[in-house]
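Student: Shown below is the structure under consideration.
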Amino acid sequence: MRARATVQVLGVLGAFGLAAAWAGPAAAQDRSLTLCWAAWDPANALVELSKDFTTKTGVGMKFEFVPWTSYADRFLNELNSKGKLCDLIIGDSQWIGGSAENGHYVKLNDFFAKEGIKMDDFMAATVLGYSEWPKHSPNYWALPAMGDAIGWTYRKDWFSRPEIQAEFKKQYGRDLAPPKTWDELKQVAEFFQGREIDGKKVYGAYIYTERGSEGITMGVTNALYTFGFQYQDPKKPYHMEGFVNSPDAVKGLEFYKSLYKCCTAPGLTNAYMQEGLDAFKSGQVAMQMNFFAFFPGLYKDPNVGGDKIGFFVNPSEKVAATQLGGQGISVVAYSDHRDDALQYIKWFAQPDVQKKWWSLGGYSCHKAVLNDPEFPKSTPFAADFLTSMGMVVDFWAEPSYASLLLSMQKRMHDYVIADQGTAKQALDLLIKDWTKVFKDDGKL
Amino acid sequence: MTETSSLPFLSVGTAAEAPSQFAGRLRGLSDRAMAWLFIAPTILLLLAINVFPLLWTIELSFTNYRANRPNAPLRWVGFDNYASILSDSDVWYAMQATAHFVVWTITLQVLLGFGLALLINRRFRGHGFWTTVILLPMMLSPAVVGNFWTFLFQPQTGLFNTAIAFVTGSDPSSFQMIGDVGLAPWSIILVDTWMWTPYVMLICLAGLRSIPDDIYEAAEIDRASAWRRFWSITLPMVLPFLMLAVLFRGIENFKMFDMVNLLTSGGPGSTTEVASITLKREAFEKWRTGYSSAFAIILFVTVFGLANIYVKALNKVKQR
């Protein structure tokens with residue numbers, strides 16, 4: 001009887017031991033982080049990169065990727081409702097003001113100081129664009145994660161055909177080459193518009209025209225900045241008269257509309273990043289405006305990549321400028337796993353990890369990567385990326401950025417696509433809308 | 001052994017007594033109390049999911065509240081939000097776009113739906129099959145409909161443009177249904193009509209099938225012409241059903257969002273920006289919660305008021 005009892009006790013203890021042994025790894029597995037971002041090529045690269053973090057720390061990584069068209073809606077809703085879905089978020093550059101002021105992001109200054117992470121190690125434009133709020137102040141809410149800007153791709157194989165080159169030279173008196181100014185770009189676009197190449201009708205240029213989220217604003221600003229548009233009086237913040245609607249800005253807007261009218265494919269009335277990729281990959285357009293983030297994928301494309309594709313920076317007019325894209329990575333204030341999330345940031349900031357990030361298709365903002373003498377030659381678009389990041393301008397990053405953006409979407413689409421009013425009227429109305437927003441915010 | 005045999009006995013006795021006690025208590029209640037008892041759960045549910053949000057929305061509509069700035073001080077602004085909405089030209093433009101959409105979709109759907117119902121009511125061979133085929137569009141999700149019509153309207157490869165070009169001999173890419181300011185409002189009307197005409201047809205068919213045959217037989221004996229029979233029997237007897245269909249479609253189209261959002265996103269420019277798209281942008285993109293609450297209340301009162309007037313007219317028609 002006694003022996004039987006002893007066996008029973010040992011059995012129970014054994015079962016507990018087994019359960020504990022089973023629970024050990026399970027508990028480690030429970031340590032996981034959810035990272036929220038947009039669903040696009042660089043996100044896949046980040047999944048690959050993050051495996052190293054899991055190997056090193058034992059913290060599992062989950063990902064919540066949302067298509068660009070619903071990215072802002074989805075994650076701003078999540079942040080505003082103080083949701084716990086995301087521990088880490090790669091939020092758009094324009095969210096920084098609202099997310100900092102509304103307490104959605106953890107302020108990283110103390111953490112950076114403690115861990116020896118220096119913002120001087122990152123490209124200045126990305127620190128300003130992705131991390132600082134208020135702008136030009138040493139208050140950091142994100143680590144620059146994905147550098148990006150708008151650039152252009154072109155069909156190098158078409159440009160290099162002798163018969164096309166000869167015809168272009170005859171028509172315009174210069175060699176057919178990647179354009180450096182908007183006038184040159186328009187000429188090239190006009191030249192290709194409606195032309196038959198390999199038995200297929202092709203079009204001059206693909207540009208952004210999307211109405212619903214941010215598309216047309218991201219497109220139009222590339223022309224506006226270079227013609228001389230400024231968001232506000234540099235000496236008098238939030239005063240926009242004569243800057244947003246300056247004669248140069250009017251010219252820039254008129255130019256974008258003329259480019260849309262002369263040289264785009266029919267039906268290009270509501271198109272953004274994905275539609276541009278589709279148009280370029282299907283061999284419909286000679287030149288495409290899009291973010292650098294897509295260029296690694298395009299370069300690998302079996303139909304239009306490799307030797308067939310070329311890249312160039314946004315054309316200039318009065319000044320060299322381009323629209324900033326890209327994002328910083330932040331720790332969500334409502335996360336239950338703040339320490340692990342901070343560890344991820346610490347790991348991600350290391351130069352070796354940043355080098356691997358670039359090699360996998362992500363755009364590092366770290367100087368250890370960008371200042372490497374080999375960097376410009378590392379890919380056919382790396383040099384253009386560096387040039388572009390040196391001339392980026394961003395949209396408002398105010399807490400009310402969404403209202404400011406929606407007004408611009410409306411006014412630009414009304415003028416460029418729906419043919420309503422003049423460029424001056426569109427910009428005047430934009431000032432009126434923006435003034436109202438800043439007045440409501442108590443900034444005017 | 002004794003214990004085990006007595007337990008079932010006890011439990012049966014308790015179970016048998018409980019319902020009888022409950023029934024006894026219920027018997028003591030008046031009919032009115034009983035009625036309240038049965039409808040109370042539903043009323044509570046309605047209060048929680050309908051009335052409470054409505055009251056809260058009304059309260060918010062008098063404030064400057066923004067859901068994305070919960071820490072900002074809440075300020076009572078009186079009727080400022082209402083005044084600002086009613087004096088905003090963009091809002092009036094959205095209301096005009098909504099009215100254009102509602103009036104034309106209803107007109108077309110009533111004409112086509114009634115016409116189809118008259119045809120289907122003839123009970124030709126295979127009419128059951130054709131009824132099912134006609135009903136297919138309304139069984140689809142508006143999101144699916146919006147997406148595939150976007151492809152159909154593609155100027156270069158879309159089936160719609162190709163078909164029109166085939167008939168007219170023009171270039172398919174010479175016109176843009178959803179990208180042209182003049183055509184875009186008609187595109188959304190066309191798609192909604194394609195989708196919801198079967199619904200109107202179904203209601204009209206129910207009306208037509210409810211007309212007793214002997215009325216037509218009497219009219220034939222009196223040698224009434226087909227037109228006379230239609231005008232004096234069919235139309236008046238189907239009218240209440242038609243009016244009901246108009247009410248349902250009117251309310252539904254006044255708050256149309258998903259299909260228009262997928263087809264045009266309100267564009268080009270603001271050409272197809274119906275009221276619900278403006279409301280969504282104000283509420284969930286600009287996060288002007290107080291302002292958008294006021295706008296929602298204005299839309300609610302408009303629909304509610306118009307529907308009430310309409311229901312009164314419908315009742316008069318029924319009484320005739």
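In the structure tokens, chains take letters A, B, ... by order of appearance, with residues numbered from 1 within each chain and ligands from 1 in the order shown.
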As a ChimeraX atom specification, could you give me every residue of chain A near chain B (at most 10 Å apart, counting only C-alpha atoms)?
Tutor: /A:72-73,76-77,79-82,98-99,101-103,209-213,265-270,399-407,409-420,440
Student: So that I can check the surroundings of range 294-303 of chain B, please list as a list in words every protein, DNA and RNA residue that reaches within 8 Å of it, counting only C-alpha atoms and ignoring chain neighbours fewer than 5 positions away.
Tutor: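 Near range 294-303 of chain B, the qualifying residues are Thr57, Ile58, Leu60, Ser61, Phe62, Asn81, Tyr82, Ile85, Ile251, Phe254 and Leu279 of chain B.
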Student: Would you output that residue set with N, CA, C and O atoms, as a PDB file, in the first residue's frame?
Tutor:
ATOM      1  N   THR B  57     -24.547  61.410 -29.572  1.00  0.00           N
ATOM      2  CA  THR B  57     -24.186  62.172 -30.778  1.00  0.00           C
ATOM      3  C   THR B  57     -24.761  63.584 -30.707  1.00  0.00           C
ATOM      4  O   THR B  57     -24.085  64.563 -31.053  1.00  0.00           O
ATOM      5  N   ILE B  58     -26.004  63.674 -30.250  1.00  0.00           N
ATOM      6  CA  ILE B  58     -26.623  65.010 -30.128  1.00  0.00           C
ATOM      7  C   ILE B  58     -25.799  65.866 -29.170  1.00  0.00           C
ATOM      8  O   ILE B  58     -25.496  67.028 -29.442  1.00  0.00           O
ATOM      9  N   LEU B  60     -22.614  65.535 -28.373  1.00  0.00           N
ATOM     10  CA  LEU B  60     -21.307  65.864 -28.971  1.00  0.00           C
ATOM     11  C   LEU B  60     -21.417  66.939 -30.043  1.00  0.00           C
ATOM     12  O   LEU B  60     -20.481  67.698 -30.266  1.00  0.00           O
ATOM     13  N   SER B  61     -22.580  66.979 -30.705  1.00  0.00           N
ATOM     14  CA  SER B  61     -22.727  67.930 -31.813  1.00  0.00           C
ATOM     15  C   SER B  61     -22.688  69.384 -31.322  1.00  0.00           C
ATOM     16  O   SER B  61     -22.542  70.297 -32.125  1.00  0.00           O
ATOM     17  N   PHE B  62     -22.824  69.589 -30.038  1.00  0.00           N
ATOM     18  CA  PHE B  62     -22.750  70.948 -29.492  1.00  0.00           C
ATOM     19  C   PHE B  62     -21.382  71.245 -28.866  1.00  0.00           C
ATOM     20  O   PHE B  62     -21.225  72.216 -28.136  1.00  0.00           O
ATOM     21  N   ASN B  81     -21.446  74.449 -34.689  1.00  0.00           N
ATOM     22  CA  ASN B  81     -21.210  73.372 -35.668  1.00  0.00           C
ATOM     23  C   ASN B  81     -22.318  73.349 -36.714  1.00  0.00           C
ATOM     24  O   ASN B  81     -22.049  73.194 -37.912  1.00  0.00           O
ATOM     25  N   TYR B  82     -23.557  73.504 -36.255  1.00  0.00           N
ATOM     26  CA  TYR B  82     -24.693  73.484 -37.181  1.00  0.00           C
ATOM     27  C   TYR B  82     -24.613  74.663 -38.145  1.00  0.00           C
ATOM     28  O   TYR B  82     -24.817  74.514 -39.356  1.00  0.00           O
ATOM     29  N   ILE B  85     -21.881  74.131 -40.693  1.00  0.00           N
ATOM     30  CA  ILE B  85     -22.236  73.134 -41.728  1.00  0.00           C
ATOM     31  C   ILE B  85     -23.200  73.749 -42.741  1.00  0.00           C
ATOM     32  O   ILE B  85     -23.006  73.638 -43.956  1.00  0.00           O
ATOM     33  N   ILE B 251     -34.104  55.858 -48.780  1.00  0.00           N
ATOM     34  CA  ILE B 251     -33.349  55.890 -47.513  1.00  0.00           C
ATOM     35  C   ILE B 251     -31.962  55.288 -47.728  1.00  0.00           C
ATOM     36  O   ILE B 251     -30.945  55.826 -47.298  1.00  0.00           O
ATOM     37  N   PHE B 254     -29.724  57.565 -49.885  1.00  0.00           N
ATOM     38  CA  PHE B 254     -29.351  58.813 -49.212  1.00  0.00           C
ATOM     39  C   PHE B 254     -28.080  58.602 -48.384  1.00  0.00           C
ATOM     40  O   PHE B 254     -27.267  59.504 -48.230  1.00  0.00           O
ATOM     41  N   LEU B 279     -19.180  63.055 -44.721  1.00  0.00           N
ATOM     42  CA  LEU B 279     -19.328  62.762 -43.288  1.00  0.00           C
ATOM     43  C   LEU B 279     -18.206  61.856 -42.792  1.00  0.00           C
ATOM     44  O   LEU B 279     -17.600  62.101 -41.745  1.00  0.00           O
TER      45      LEU B 279
END
Student: With DSSP run on the backbone, what are the alpha helix (DSSP H) residues within range 10-254 of chain B? I'd like them as a count of residues only.
Tutor: 175
Student: Using DSSP on the backbone, list every residue of range 269-349 of chain A that comes out as strand (DSSP E), and give them as a list in words.
Tutor: Val285, Ala286, Met287, Gln288, Met289, Asn290, Phe291, Ile309, Gly310, Phe311, Phe312, Val313, Thr322, Gln323, Gln327, Gly328, Ile329, Ser330 and Val331 of chain A
Student: Could the residues in this selection be written to a file with N, CA, C and O atoms, as a PDB file, in the first residue's frame?
Tutor:
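Result saved to out.pdb:
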ATOM      1  N   VAL A 285       4.163  52.710 -69.859  1.00  0.00           N
ATOM      2  CA  VAL A 285       4.673  54.083 -69.737  1.00  0.00           C
ATOM      3  C   VAL A 285       6.194  54.157 -69.866  1.00  0.00           C
ATOM      4  O   VAL A 285       6.908  53.225 -69.503  1.00  0.00           O
ATOM      5  N   ALA A 286       6.640  55.303 -70.368  1.00  0.00           N
ATOM      6  CA  ALA A 286       8.079  55.510 -70.544  1.00  0.00           C
ATOM      7  C   ALA A 286       8.738  55.933 -69.235  1.00  0.00           C
ATOM      8  O   ALA A 286       9.885  55.580 -68.969  1.00  0.00           O
ATOM      9  N   MET A 287       7.994  56.713 -68.419  1.00  0.00           N
ATOM     10  CA  MET A 287       8.566  57.211 -67.150  1.00  0.00           C
ATOM     11  C   MET A 287       7.508  57.090 -66.047  1.00  0.00           C
ATOM     12  O   MET A 287       6.313  57.247 -66.313  1.00  0.00           O
ATOM     13  N   GLN A 288       7.985  56.843 -64.860  1.00  0.00           N
ATOM     14  CA  GLN A 288       7.061  56.656 -63.744  1.00  0.00           C
ATOM     15  C   GLN A 288       7.551  57.387 -62.503  1.00  0.00           C
ATOM     16  O   GLN A 288       8.704  57.237 -62.089  1.00  0.00           O
ATOM     17  N   MET A 289       6.660  58.152 -61.904  1.00  0.00           N
ATOM     18  CA  MET A 289       6.949  58.776 -60.606  1.00  0.00           C
ATOM     19  C   MET A 289       6.587  57.766 -59.527  1.00  0.00           C
ATOM     20  O   MET A 289       5.486  57.223 -59.556  1.00  0.00           O
ATOM     21  N   ASN A 290       7.509  57.492 -58.613  1.00  0.00           N
ATOM     22  CA  ASN A 290       7.137  56.610 -57.497  1.00  0.00           C
ATOM     23  C   ASN A 290       8.193  56.677 -56.393  1.00  0.00           C
ATOM     24  O   ASN A 290       9.248  57.288 -56.572  1.00  0.00           O
ATOM     25  N   PHE A 291       7.888  56.040 -55.280  1.00  0.00           N
ATOM     26  CA  PHE A 291       8.823  56.081 -54.152  1.00  0.00           C
ATOM     27  C   PHE A 291      10.011  55.138 -54.384  1.00  0.00           C
ATOM     28  O   PHE A 291       9.853  54.067 -54.975  1.00  0.00           O
ATOM     29  N   ILE A 309      15.616  49.046 -67.164  1.00  0.00           N
ATOM     30  CA  ILE A 309      15.130  50.139 -66.305  1.00  0.00           C
ATOM     31  C   ILE A 309      16.269  51.097 -65.926  1.00  0.00           C
ATOM     32  O   ILE A 309      17.415  50.676 -65.725  1.00  0.00           O
ATOM     33  N   GLY A 310      15.930  52.373 -65.871  1.00  0.00           N
ATOM     34  CA  GLY A 310      16.864  53.374 -65.384  1.00  0.00           C
ATOM     35  C   GLY A 310      16.170  54.235 -64.337  1.00  0.00           C
ATOM     36  O   GLY A 310      14.945  54.182 -64.180  1.00  0.00           O
ATOM     37  N   PHE A 311      16.942  55.008 -63.608  1.00  0.00           N
ATOM     38  CA  PHE A 311      16.382  55.803 -62.503  1.00  0.00           C
ATOM     39  C   PHE A 311      16.898  57.231 -62.587  1.00  0.00           C
ATOM     40  O   PHE A 311      18.015  57.465 -63.058  1.00  0.00           O
ATOM     41  N   PHE A 312      16.089  58.184 -62.164  1.00  0.00           N
ATOM     42  CA  PHE A 312      16.589  59.560 -62.067  1.00  0.00           C
ATOM     43  C   PHE A 312      15.875  60.307 -60.943  1.00  0.00           C
ATOM     44  O   PHE A 312      14.783  59.902 -60.526  1.00  0.00           O
ATOM     45  N   VAL A 313      16.515  61.362 -60.478  1.00  0.00           N
ATOM     46  CA  VAL A 313      15.936  62.122 -59.351  1.00  0.00           C
ATOM     47  C   VAL A 313      14.858  63.074 -59.871  1.00  0.00           C
ATOM     48  O   VAL A 313      14.805  63.361 -61.069  1.00  0.00           O
ATOM     49  N   THR A 322      12.289  67.332 -53.594  1.00  0.00           N
ATOM     50  CA  THR A 322      11.384  66.199 -53.839  1.00  0.00           C
ATOM     51  C   THR A 322      10.602  65.896 -52.563  1.00  0.00           C
ATOM     52  O   THR A 322      11.000  66.314 -51.478  1.00  0.00           O
ATOM     53  N   GLN A 323       9.506  65.202 -52.742  1.00  0.00           N
ATOM     54  CA  GLN A 323       8.643  64.895 -51.602  1.00  0.00           C
ATOM     55  C   GLN A 323       9.278  63.787 -50.745  1.00  0.00           C
ATOM     56  O   GLN A 323       9.690  62.759 -51.268  1.00  0.00           O
ATOM     57  N   GLN A 327       9.546  56.494 -43.080  1.00  0.00           N
ATOM     58  CA  GLN A 327       8.961  56.472 -41.740  1.00  0.00           C
ATOM     59  C   GLN A 327      10.014  56.179 -40.670  1.00  0.00           C
ATOM     60  O   GLN A 327      11.069  55.639 -40.979  1.00  0.00           O
ATOM     61  N   GLY A 328       9.640  56.532 -39.450  1.00  0.00           N
ATOM     62  CA  GLY A 328      10.444  56.167 -38.288  1.00  0.00           C
ATOM     63  C   GLY A 328       9.744  55.056 -37.532  1.00  0.00           C
ATOM     64  O   GLY A 328       8.549  54.833 -37.712  1.00  0.00           O
ATOM     65  N   ILE A 329      10.499  54.359 -36.699  1.00  0.00           N
ATOM     66  CA  ILE A 329       9.875  53.296 -35.891  1.00  0.00           C
ATOM     67  C   ILE A 329       9.703  53.800 -34.458  1.00  0.00           C
ATOM     68  O   ILE A 329      10.631  54.364 -33.874  1.00  0.00           O
ATOM     69  N   SER A 330       8.504  53.624 -33.928  1.00  0.00           N
ATOM     70  CA  SER A 330       8.189  54.157 -32.593  1.00  0.00           C
ATOM     71  C   SER A 330       7.660  53.062 -31.686  1.00  0.00           C
ATOM     72  O   SER A 330       7.125  52.056 -32.167  1.00  0.00           O
ATOM     73  N   VAL A 331       7.783  53.297 -30.405  1.00  0.00           N
ATOM     74  CA  VAL A 331       7.192  52.386 -29.417  1.00  0.00           C
ATOM     75  C   VAL A 331       5.829  52.959 -29.038  1.00  0.00           C
ATOM     76  O   VAL A 331       5.719  54.131 -28.676  1.00  0.00           O
TER      77      VAL A 331
END
Student: Taking 5 positions as the minimum chain separation for residues in the same chain, which residues sit within 12 Å of Leu118 in chain B when counting only C-alpha atoms? Answer as a list in words.
Tutor: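 Using only C-alpha atoms, the neighbours found are Val110, Leu111, Leu112, Gly113, Arg123, Phe124, His127, Thr131, Val200, Met201, Leu202, Ile203, Cys204, Leu205, Ala206, Gly207, Leu208, Arg209, Phe230, Thr234, Leu235 and Val238 of chain B.
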Student: Next, the residues of the selection above should be written as a compact mmCIF listing (two decimals), in the first residue's frame with N, CA and C atoms.
Tutor:
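Once written, out_29.txt looks like this:
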# COMPACT_ATOMS: atom_id res chain seq x y z
N VAL B 110 -37.31 52.60 -60.55
CA VAL B 110 -38.76 52.39 -60.53
C VAL B 110 -39.25 52.06 -61.94
N LEU B 111 -38.81 52.82 -62.93
CA LEU B 111 -39.26 52.58 -64.30
C LEU B 111 -38.83 51.20 -64.78
N LEU B 112 -37.54 50.90 -64.61
CA LEU B 112 -37.03 49.62 -65.09
C LEU B 112 -37.56 48.45 -64.25
N GLY B 113 -37.61 48.65 -62.93
CA GLY B 113 -38.06 47.57 -62.04
C GLY B 113 -39.51 47.23 -62.31
N ARG B 123 -45.52 35.07 -66.85
CA ARG B 123 -45.36 33.61 -66.67
C ARG B 123 -45.06 32.88 -67.97
N PHE B 124 -44.06 33.36 -68.66
CA PHE B 124 -43.62 32.67 -69.88
C PHE B 124 -42.75 31.47 -69.49
N HIS B 127 -39.65 31.48 -66.87
CA HIS B 127 -39.64 32.78 -66.18
C HIS B 127 -38.96 32.69 -64.81
N THR B 131 -36.02 35.11 -63.66
CA THR B 131 -36.19 35.91 -62.43
C THR B 131 -34.92 35.78 -61.58
N VAL B 200 -36.40 46.43 -56.74
CA VAL B 200 -37.66 47.14 -57.01
C VAL B 200 -38.58 46.20 -57.80
N MET B 201 -38.00 45.46 -58.73
CA MET B 201 -38.79 44.52 -59.52
C MET B 201 -39.48 43.49 -58.61
N LEU B 202 -38.74 43.00 -57.64
CA LEU B 202 -39.27 41.98 -56.73
C LEU B 202 -40.47 42.51 -55.95
N ILE B 203 -40.36 43.75 -55.47
CA ILE B 203 -41.46 44.34 -54.70
C ILE B 203 -42.67 44.55 -55.63
N CYS B 204 -42.41 45.05 -56.84
CA CYS B 204 -43.50 45.27 -57.79
C CYS B 204 -44.16 43.95 -58.18
N LEU B 205 -43.36 42.92 -58.30
CA LEU B 205 -43.88 41.61 -58.66
C LEU B 205 -44.84 41.12 -57.58
N ALA B 206 -44.47 41.34 -56.32
CA ALA B 206 -45.34 40.97 -55.21
C ALA B 206 -46.66 41.72 -55.33
N GLY B 207 -46.57 43.01 -55.70
CA GLY B 207 -47.79 43.82 -55.88
C GLY B 207 -48.63 43.28 -57.02
N LEU B 208 -48.01 42.97 -58.11
CA LEU B 208 -48.76 42.48 -59.29
C LEU B 208 -49.44 41.14 -58.99
N ARG B 209 -48.72 40.28 -58.25
CA ARG B 209 -49.29 38.95 -57.96
C ARG B 209 -50.42 39.04 -56.94
N PHE B 230 -54.41 48.71 -67.41
CA PHE B 230 -53.16 49.06 -66.73
C PHE B 230 -53.33 50.32 -65.88
N THR B 234 -54.01 47.99 -62.68
CA THR B 234 -52.65 47.59 -62.31
C THR B 234 -51.93 48.68 -61.51
N LEU B 235 -51.85 49.86 -62.13
CA LEU B 235 -51.05 50.92 -61.50
C LEU B 235 -51.57 51.31 -60.11
N VAL B 238 -50.77 48.52 -57.61
CA VAL B 238 -49.34 48.29 -57.34
C VAL B 238 -48.70 49.51 -56.68
